[in-house]
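**Student:** Just passing along the structure, written as structure tokens.
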Amino acid sequence: MDSQDKIRQLIDLREQAKMGGGEKRIADQHAKGKMTARERIEILLDEGSFEEYDMFVTHRTDDFGLKDKKYLSDGVVTGHGTIDGRVVYVFAQDFTIFGGSLSETFAGKICKLMDQAMKVGAPVIGINDSGGARIQEGVRSLAGYSEIFERNILASGVIPQISAIFGPCAGGAVYSPALTDFIIMSEQSSYMFVTGPKVTKAVTGEDISIEDLGSARIHTTKSGVAQFVVEDEEEGLLLIRKILSYLPQNNLEDPPLSDCDDPIDRLEDDLNIIIPENPNHPYNVKDVIYKVVDYEEFLEIHANYAKNIVVGFAKMGGMSVGIVANQPTFLAGVLDINASRKAARFVRFCDAFNIPLLTFVDVPGFLPGSNQEYGGIIVHGAKLMFAYGEATVPKITVTLRKSYGGAHCVMASKQLRGDINYAWPSAEIAVMGPQGAIEVLEGKKLAEIKNEEEKSEFITAREKEYRDKFANPYEAARYGYLDDVIEPRNTRFRVIRALRTVATKKDPGPMKKHSNMPL
């Protein structure tokens, strides 16, 4: 074979590898409304930037009829490319080859990719579309999953990891995405569960559909496993590009700084009147967020889960920030188990990747009730407190209205090493609201008053006294627990200047192997 024949052989093998499991299986994939692995990568990455690794890898199993069934790339496409000019590593499972099932060599390709990403310090994006472990390989397939899991764990907090679920993801396969930072699911084609409907029915007797057990709807509203749901794969791939625009390459770098011609001293008069006169009336905290961030652009995360708290990314003066805000329009903005978990995870992510935290506070307390107590609200609330207290990134807090009891402590208070804590004139910072406080403080006196009209007048007078003392931010400011009381319309300017001021802070804390977070 001369040199030209060898080159032709190389070209032929490359074309063979790009065909995956063959034309029929590609057609079947398209018929399901799904793209192939390489089509997904083409949309995800900058045009012409993809460099593929291990195209010629095949499995090494002869059992159960696999000896004569070998496909180049063995069911996963791996390599690196760029997104907006920044290097990323990507693997895309190929459902056209053995249903995307994971073999020893399949896992080896992913592990090799992740090892390289860690050395380089670049994000890893995993596109999942797999039938699970390749049964013919037995324990070697399980070992392959475990090797991937270990790398997910080692990479956590070092490089960003994003998972897209664009097909089945079941059994042991679900744990790799669960160990990553963000999960995106497609409404049309994806599902995740540890145990499928058939086994569930056989073991528990519960008759449940795939949709009700593990769809994108379930995991973005009930379980909180996935952060994003998209209508189709293209939307999901473009969303990954958007997420990365807020993130650094790794934990040793700062997030990218964007050009910004949105004036930092832009005044928003609407903010001066956004808080209702009646403290029991809601308003949408997202209206506050949109008014203060650059170009009114806010990428909300976990939008459909635990809606009583809002988290997401924005830019302020071109700087990436992570925003956490209580949402008065849902459960009055109380903290419950799910909201605490949601916010704690987001705070820890931002801290790991040097993204400053901006917190908007309007919280009446923790949600009461036996369901919450039995579910461990004490521990889950402590997670959020722990996350804020542990975080060393710049932390700016703006109290908009209510900040009561333990929830005040949890929401990035000064005592949790908040760097700059502001409040609007509408802020109310106290142990509890006026009604509850008077019931505690004047319980004996109230029991003695038999006339209902007299009792009502007494309560009204005492509640007014309590409000006059605590339904304003100046008591907290008097003790230095607030750094300033600001005019709402100036919030954008004050926050951006604060972020710039504390951008170089150093607050490493005591030396330790790791903390024992309340899990």
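By order of appearance in the structure tokens: chains A, B, ..., then residues from 1 within every chain, and ligands from 1 in the order shown.
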Which polymer residues have any atom within 7 Å of an atom of range 307-309 of chain A, counting only C-alpha atoms, with same-chain residues fewer than 3 positions away left out, as a PDB file with N, CA and C atoms, in the first residue's frame?

**Tutor:**
```
ATOM      1  N   ALA A 303     -35.810  28.123  37.451  1.00  0.00           N
ATOM      2  CA  ALA A 303     -36.936  29.068  37.416  1.00  0.00           C
ATOM      3  C   ALA A 303     -38.252  28.446  37.868  1.00  0.00           C
ATOM      4  N   ASN A 304     -38.435  27.142  37.641  1.00  0.00           N
ATOM      5  CA  ASN A 304     -39.712  26.494  37.930  1.00  0.00           C
ATOM      6  C   ASN A 304     -39.718  25.711  39.234  1.00  0.00           C
ATOM      7  N   ALA A 325     -32.503  36.174  45.474  1.00  0.00           N
ATOM      8  CA  ALA A 325     -33.537  37.119  45.902  1.00  0.00           C
ATOM      9  C   ALA A 325     -34.776  36.379  46.387  1.00  0.00           C
ATOM     10  N   ASN A 326     -35.278  36.755  47.550  1.00  0.00           N
ATOM     11  CA  ASN A 326     -36.572  36.242  48.011  1.00  0.00           C
ATOM     12  C   ASN A 326     -37.669  36.771  47.092  1.00  0.00           C
ATOM     13  N   GLN A 327     -38.684  35.939  46.831  1.00  0.00           N
ATOM     14  CA  GLN A 327     -39.747  36.291  45.880  1.00  0.00           C
ATOM     15  C   GLN A 327     -41.092  36.434  46.593  1.00  0.00           C
ATOM     16  N   PRO A 328     -41.517  37.671  46.895  1.00  0.00           N
ATOM     17  CA  PRO A 328     -42.775  37.879  47.641  1.00  0.00           C
ATOM     18  C   PRO A 328     -44.033  37.377  46.938  1.00  0.00           C
ATOM     19  N   PHE A 330     -44.552  34.515  45.732  1.00  0.00           N
ATOM     20  CA  PHE A 330     -44.752  33.074  45.912  1.00  0.00           C
ATOM     21  C   PHE A 330     -44.484  32.725  47.377  1.00  0.00           C
ATOM     22  N   LEU A 331     -45.517  32.260  48.073  1.00  0.00           N
ATOM     23  CA  LEU A 331     -45.406  31.921  49.501  1.00  0.00           C
ATOM     24  C   LEU A 331     -44.850  33.085  50.317  1.00  0.00           C
ATOM     25  N   GLY A 333     -42.429  34.774  49.899  1.00  0.00           N
ATOM     26  CA  GLY A 333     -40.972  34.825  49.946  1.00  0.00           C
ATOM     27  C   GLY A 333     -40.356  34.085  51.117  1.00  0.00           C
ATOM     28  N   VAL A 334     -41.137  33.239  51.804  1.00  0.00           N
ATOM     29  CA  VAL A 334     -40.577  32.510  52.950  1.00  0.00           C
ATOM     30  C   VAL A 334     -39.487  31.545  52.488  1.00  0.00           C
ATOM     31  N   ALA A 339     -36.361  25.880  48.843  1.00  0.00           N
ATOM     32  CA  ALA A 339     -35.729  27.176  48.571  1.00  0.00           C
ATOM     33  C   ALA A 339     -34.342  27.244  49.198  1.00  0.00           C
TER      34      ALA A 339
END
```

**Student:** For the structure I just gave you, how does DSSP split range 290-374 of chain A - specifically, which residues are strand (DSSP E or B)? Reply as a list in words.

**Tutor:** Phe298, Leu299, Glu300, Ile301, Ile309, Val310, Val311, Gly312, Phe313, Ala314, Lys315, Met316, Met319, Ser320, Val321, Gly322, Ile323, Val324, Ala325, Asn326, Leu335, Leu357, Leu358, Thr359, Phe360, Val361, Asp362, Val363 and Phe366 of chain A

**Student:** Could you write out, as number ranges by chain, all the residues of range 10-117 of chain A that DSSP marks as helix (DSSP H, G or I)?

**Tutor:** A: 10-18, 23-31, 37-44, 63-65, 98-100, 104-117

**Student:** Export, as a short mmCIF file (atom, residue, chain, number, x, y, z; two decimals), in the first residue's frame, the selected residues with C-alpha atoms.

**Tutor:**
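Written output follows (selection-v4.cif):
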```
data_model
loop_
_atom_site.label_atom_id
_atom_site.label_comp_id
_atom_site.auth_asym_id
_atom_site.auth_seq_id
_atom_site.Cartn_x
_atom_site.Cartn_y
_atom_site.Cartn_z
CA LEU A 10 -7.50 7.41 6.53
CA ILE A 11 -10.14 9.48 4.75
CA ASP A 12 -12.40 6.43 4.37
CA LEU A 13 -12.08 5.54 8.05
CA ARG A 14 -12.90 9.09 9.08
CA GLU A 15 -16.02 9.03 6.92
CA GLN A 16 -16.97 5.66 8.37
CA ALA A 17 -16.59 6.99 11.92
CA LYS A 18 -18.73 10.05 11.14
CA GLU A 23 -27.63 5.65 7.77
CA LYS A 24 -30.66 3.73 9.05
CA ARG A 25 -29.93 4.47 12.70
CA ILE A 26 -29.22 8.11 11.88
CA ALA A 27 -32.59 8.27 10.12
CA ASP A 28 -34.24 6.69 13.18
CA GLN A 29 -32.59 9.32 15.38
CA HIS A 30 -33.91 12.13 13.19
CA ALA A 31 -37.36 10.54 13.13
CA ALA A 37 -23.86 13.47 18.40
CA ARG A 38 -21.82 15.37 15.83
CA GLU A 39 -24.74 17.56 14.78
CA ARG A 40 -25.11 18.62 18.40
CA ILE A 41 -21.44 19.45 18.71
CA GLU A 42 -21.56 21.47 15.49
CA ILE A 43 -24.28 23.75 16.91
CA LEU A 44 -22.66 23.99 20.35
CA ASP A 63 -19.04 -12.04 24.19
CA PHE A 64 -22.75 -12.17 23.32
CA GLY A 65 -22.25 -11.64 19.58
CA PHE A 98 -25.51 0.37 20.59
CA GLY A 99 -28.12 2.86 21.82
CA GLY A 100 -25.33 5.02 23.27
CA GLU A 104 -15.15 0.14 29.07
CA THR A 105 -13.59 1.97 26.12
CA PHE A 106 -16.50 4.45 25.91
CA ALA A 107 -15.84 5.37 29.56
CA GLY A 108 -12.10 5.52 28.90
CA LYS A 109 -12.64 8.15 26.21
CA ILE A 110 -14.65 10.36 28.57
CA CYS A 111 -12.13 9.95 31.39
CA LYS A 112 -9.27 10.85 29.08
CA LEU A 113 -11.14 13.97 28.00
CA MET A 114 -11.89 15.02 31.58
CA ASP A 115 -8.31 14.45 32.69
CA GLN A 116 -7.12 16.72 29.89
CA ALA A 117 -9.72 19.37 30.74
#
```

**Student:** Set the distance at 9 Å and use only C-alpha atoms: which residues neighbour Ile125 in chain A once local chain neighbours fewer than 6 positions away are removed? I'd like the list as a PyMOL selection string.

**Tutor:** chain A and resi 88-92+160-164+240

**Student:** For the interface of range 365-391 of chain A with range 504-512 of chain A (cut-off 12 Å, counting only C-alpha atoms), please tabulate each contacting residue of range 365-391 of chain A alongside its nearest pair of atoms and their separation in Å to one decimal, rows sorted by chain and increasing number, as JSON lines.

**Tutor:**
```
{"residue": "A:Gly389", "atom": "CA", "partner": "A:Gly509", "partner_atom": "CA", "distance": 10.4}
{"residue": "A:Glu390", "atom": "CA", "partner": "A:Gly509", "partner_atom": "CA", "distance": 8.3}
{"residue": "A:Ala391", "atom": "CA", "partner": "A:Asp507", "partner_atom": "CA", "distance": 9.1}
```

**Student:** Using only C-alpha atoms, which protein or nucleic acid residues come within 7 Å of range 148-157 of chain A? Drop anything in the same chain fewer than 4 positions from it, and give the result as a list in words.

**Tutor:**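 Those residues are Ala107, Cys111, Met114, Met118, Gly144, Ser176, Leu179, Thr180, Asn251, Ala352 and Phe353 of chain A.
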
**Student:** Those same residues - C-alpha atoms - I'd like them written as a PDB file, in the first residue's frame.

**Tutor:**
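Below is the file again31.pdb, written as the result:
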```
ATOM      1  CA  ALA A 107     -15.839   5.373  29.560  1.00  0.00           C
ATOM      2  CA  CYS A 111     -12.129   9.948  31.395  1.00  0.00           C
ATOM      3  CA  MET A 114     -11.888  15.022  31.583  1.00  0.00           C
ATOM      4  CA  MET A 118      -8.525  19.420  34.349  1.00  0.00           C
ATOM      5  CA  GLY A 144     -16.351   2.666  33.687  1.00  0.00           C
ATOM      6  CA  SER A 176     -22.640  11.722  36.408  1.00  0.00           C
ATOM      7  CA  LEU A 179     -22.470  15.492  40.074  1.00  0.00           C
ATOM      8  CA  THR A 180     -22.131  18.342  37.574  1.00  0.00           C
ATOM      9  CA  ASN A 251     -11.511  28.219  39.751  1.00  0.00           C
ATOM     10  CA  ALA A 352     -16.237  28.128  43.885  1.00  0.00           C
ATOM     11  CA  PHE A 353     -15.859  30.079  40.649  1.00  0.00           C
TER      12      PHE A 353
END
```

**Student:** Please list as a PyMOL selection string every residue within 10 Å of range 474-491 of chain A, counting only C-alpha atoms and excluding residues in the same chain fewer than 6 positions away.

**Tutor:** chain A and resi 264-275+288+291-293+397-400+413-415+418-430+497

**Student:** Just how far from CA of Ser258 in chain A is CA of Arg500 in chain A, in Å to one decimal?

**Tutor:**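 Between these atoms lies a distance of 14.1 Å.
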
**Student:** Using only C-alpha atoms, which of the listed residues (A:Ile496, A:Val379, A:Ile438, A:Leu357) sits closest to Pro518 in chain A?

**Tutor:**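 Using only C-alpha atoms, the shortest distance to Pro518 in chain A belongs to A:Val379.
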
**Student:** Of the residues A:Ala461, A:Val87, A:Val225, A:Val502, which is the one nearest to Val124 in chain A, using only C-alpha atoms?

**Tutor:**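 With only C-alpha atoms as the atom set, the closest residue is A:Val87.
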
**Student:** Using only C-alpha atoms, pick whichever of A:Glu51, A:Asp68, A:Asp62, A:Asp261 has the shortest atom-to-atom distance to Thr82 in chain A.

**Tutor:** A:Glu51

**Student:** Can you tell me which residues surround Arg348 in chain A at a distance of at most 12 Å, considering only C-alpha atoms, apart from same-chain residues fewer than 4 positions away, and format the answer as a PyMOL selection string?

**Tutor:** chain A and resi 156-157+181+322+324+341-344+352-357+383-393+517

**Student:** For the residues selected in the previous step, produce a file with N, CA and C atoms as a PDB file, in the first residue's frame.

**Tutor:**
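Result file is again_33.pdb:
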```pdb
ATOM      1  N   SER A 156     -15.160  18.906  40.427  1.00  0.00           N
ATOM      2  CA  SER A 156     -16.149  19.790  41.038  1.00  0.00           C
ATOM      3  C   SER A 156     -15.468  20.959  41.738  1.00  0.00           C
ATOM      4  N   GLY A 157     -15.901  22.168  41.416  1.00  0.00           N
ATOM      5  CA  GLY A 157     -15.308  23.352  41.998  1.00  0.00           C
ATOM      6  C   GLY A 157     -13.978  23.734  41.391  1.00  0.00           C
ATOM      7  N   ASP A 181     -22.505  20.728  37.554  1.00  0.00           N
ATOM      8  CA  ASP A 181     -23.007  21.997  38.073  1.00  0.00           C
ATOM      9  C   ASP A 181     -24.407  22.348  37.581  1.00  0.00           C
ATOM     10  N   GLY A 322     -23.728  36.638  40.686  1.00  0.00           N
ATOM     11  CA  GLY A 322     -24.773  35.682  41.001  1.00  0.00           C
ATOM     12  C   GLY A 322     -25.784  36.364  41.896  1.00  0.00           C
ATOM     13  N   VAL A 324     -29.242  36.284  44.270  1.00  0.00           N
ATOM     14  CA  VAL A 324     -30.182  35.507  45.086  1.00  0.00           C
ATOM     15  C   VAL A 324     -31.212  36.486  45.632  1.00  0.00           C
ATOM     16  N   ARG A 341     -32.272  24.721  49.858  1.00  0.00           N
ATOM     17  CA  ARG A 341     -31.355  23.865  49.086  1.00  0.00           C
ATOM     18  C   ARG A 341     -30.977  24.522  47.774  1.00  0.00           C
ATOM     19  N   LYS A 342     -31.966  25.056  47.092  1.00  0.00           N
ATOM     20  CA  LYS A 342     -31.737  25.691  45.795  1.00  0.00           C
ATOM     21  C   LYS A 342     -30.737  26.835  45.916  1.00  0.00           C
ATOM     22  N   ALA A 343     -30.968  27.715  46.878  1.00  0.00           N
ATOM     23  CA  ALA A 343     -30.094  28.876  47.029  1.00  0.00           C
ATOM     24  C   ALA A 343     -28.718  28.481  47.535  1.00  0.00           C
ATOM     25  N   ALA A 344     -28.644  27.516  48.447  1.00  0.00           N
ATOM     26  CA  ALA A 344     -27.350  27.104  49.000  1.00  0.00           C
ATOM     27  C   ALA A 344     -26.445  26.547  47.913  1.00  0.00           C
ATOM     28  N   ALA A 352     -17.289  28.982  44.457  1.00  0.00           N
ATOM     29  CA  ALA A 352     -16.237  28.128  43.885  1.00  0.00           C
ATOM     30  C   ALA A 352     -15.589  28.768  42.665  1.00  0.00           C
ATOM     31  N   PHE A 353     -16.367  29.555  41.912  1.00  0.00           N
ATOM     32  CA  PHE A 353     -15.859  30.079  40.649  1.00  0.00           C
ATOM     33  C   PHE A 353     -15.752  31.616  40.630  1.00  0.00           C
ATOM     34  N   ASN A 354     -15.514  32.176  41.817  1.00  0.00           N
ATOM     35  CA  ASN A 354     -15.130  33.591  41.921  1.00  0.00           C
ATOM     36  C   ASN A 354     -16.168  34.549  41.348  1.00  0.00           C
ATOM     37  N   ILE A 355     -17.429  34.202  41.502  1.00  0.00           N
ATOM     38  CA  ILE A 355     -18.520  35.051  41.018  1.00  0.00           C
ATOM     39  C   ILE A 355     -19.132  35.781  42.210  1.00  0.00           C
ATOM     40  N   PRO A 356     -19.052  37.112  42.262  1.00  0.00           N
ATOM     41  CA  PRO A 356     -19.607  37.861  43.394  1.00  0.00           C
ATOM     42  C   PRO A 356     -21.096  37.591  43.568  1.00  0.00           C
ATOM     43  N   LEU A 357     -21.565  37.743  44.803  1.00  0.00           N
ATOM     44  CA  LEU A 357     -22.959  37.472  45.140  1.00  0.00           C
ATOM     45  C   LEU A 357     -23.689  38.762  45.494  1.00  0.00           C
ATOM     46  N   LYS A 383     -28.013  24.808  55.679  1.00  0.00           N
ATOM     47  CA  LYS A 383     -27.187  24.706  54.462  1.00  0.00           C
ATOM     48  C   LYS A 383     -26.984  26.078  53.832  1.00  0.00           C
ATOM     49  N   LEU A 384     -28.085  26.848  53.765  1.00  0.00           N
ATOM     50  CA  LEU A 384     -27.983  28.170  53.157  1.00  0.00           C
ATOM     51  C   LEU A 384     -27.133  29.090  54.021  1.00  0.00           C
ATOM     52  N   MET A 385     -27.332  29.022  55.323  1.00  0.00           N
ATOM     53  CA  MET A 385     -26.503  29.814  56.225  1.00  0.00           C
ATOM     54  C   MET A 385     -25.035  29.438  56.073  1.00  0.00           C
ATOM     55  N   PHE A 386     -24.768  28.154  56.013  1.00  0.00           N
ATOM     56  CA  PHE A 386     -23.399  27.655  55.881  1.00  0.00           C
ATOM     57  C   PHE A 386     -22.779  28.137  54.581  1.00  0.00           C
ATOM     58  N   ALA A 387     -23.555  28.057  53.501  1.00  0.00           N
ATOM     59  CA  ALA A 387     -23.038  28.458  52.192  1.00  0.00           C
ATOM     60  C   ALA A 387     -22.645  29.933  52.183  1.00  0.00           C
ATOM     61  N   TYR A 388     -23.516  30.782  52.701  1.00  0.00           N
ATOM     62  CA  TYR A 388     -23.200  32.217  52.759  1.00  0.00           C
ATOM     63  C   TYR A 388     -22.022  32.485  53.694  1.00  0.00           C
ATOM     64  N   GLY A 389     -22.015  31.851  54.872  1.00  0.00           N
ATOM     65  CA  GLY A 389     -20.945  32.097  55.830  1.00  0.00           C
ATOM     66  C   GLY A 389     -19.600  31.618  55.352  1.00  0.00           C
ATOM     67  N   GLU A 390     -19.597  30.546  54.558  1.00  0.00           N
ATOM     68  CA  GLU A 390     -18.359  29.977  54.035  1.00  0.00           C
ATOM     69  C   GLU A 390     -17.828  30.752  52.836  1.00  0.00           C
ATOM     70  N   ALA A 391     -18.717  31.391  52.091  1.00  0.00           N
ATOM     71  CA  ALA A 391     -18.335  32.043  50.832  1.00  0.00           C
ATOM     72  C   ALA A 391     -17.356  33.193  51.084  1.00  0.00           C
ATOM     73  N   THR A 392     -16.315  33.251  50.252  1.00  0.00           N
ATOM     74  CA  THR A 392     -15.303  34.306  50.380  1.00  0.00           C
ATOM     75  C   THR A 392     -15.320  35.280  49.205  1.00  0.00           C
ATOM     76  N   VAL A 393     -16.208  35.081  48.246  1.00  0.00           N
ATOM     77  CA  VAL A 393     -16.334  36.042  47.158  1.00  0.00           C
ATOM     78  C   VAL A 393     -16.962  37.334  47.683  1.00  0.00           C
ATOM     79  N   MET A 517     -20.289  20.334  56.023  1.00  0.00           N
ATOM     80  CA  MET A 517     -21.536  21.035  55.750  1.00  0.00           C
ATOM     81  C   MET A 517     -22.739  20.193  56.196  1.00  0.00           C
TER      82      MET A 517
END
```

**Student:** Taking 3 positions as the minimum chain separation for residues in the same chain, which residues sit within 9 Å of Asp207 in chain A when counting only C-alpha atoms? Answer as JSON, numbers by chain.

**Tutor:** {"A": [197, 198, 200, 201, 204]}

**Student:** Keeping N, CA and C atoms, export the residues of the selection given above as an mmCIF file, in the first residue's frame.

**Tutor:**
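Result saved to result.cif:
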```
data_model
loop_
_atom_site.group_PDB
_atom_site.id
_atom_site.type_symbol
_atom_site.label_atom_id
_atom_site.label_comp_id
_atom_site.auth_asym_id
_atom_site.auth_seq_id
_atom_site.Cartn_x
_atom_site.Cartn_y
_atom_site.Cartn_z
ATOM 1 N N PRO A 197 -40.130 2.623 35.186
ATOM 2 C CA PRO A 197 -41.515 2.298 35.549
ATOM 3 C C PRO A 197 -41.775 0.810 35.775
ATOM 4 N N LYS A 198 -41.172 -0.055 34.948
ATOM 5 C CA LYS A 198 -41.443 -1.492 35.074
ATOM 6 C C LYS A 198 -40.928 -2.044 36.398
ATOM 7 N N THR A 200 -40.178 -0.282 39.029
ATOM 8 C CA THR A 200 -40.918 0.410 40.092
ATOM 9 C C THR A 200 -42.224 -0.316 40.405
ATOM 10 N N LYS A 201 -42.938 -0.708 39.343
ATOM 11 C CA LYS A 201 -44.210 -1.417 39.555
ATOM 12 C C LYS A 201 -43.992 -2.796 40.178
ATOM 13 N N THR A 204 -42.686 -1.987 44.001
ATOM 14 C CA THR A 204 -43.543 -1.213 44.911
ATOM 15 C C THR A 204 -45.031 -1.324 44.593
#
```

**Student:** Using only C-alpha atoms, which of A:Ile210, A:Val311, A:Val229, A:Leu441 sits nearest Leu358 in chain A?

**Tutor:** A:Val311
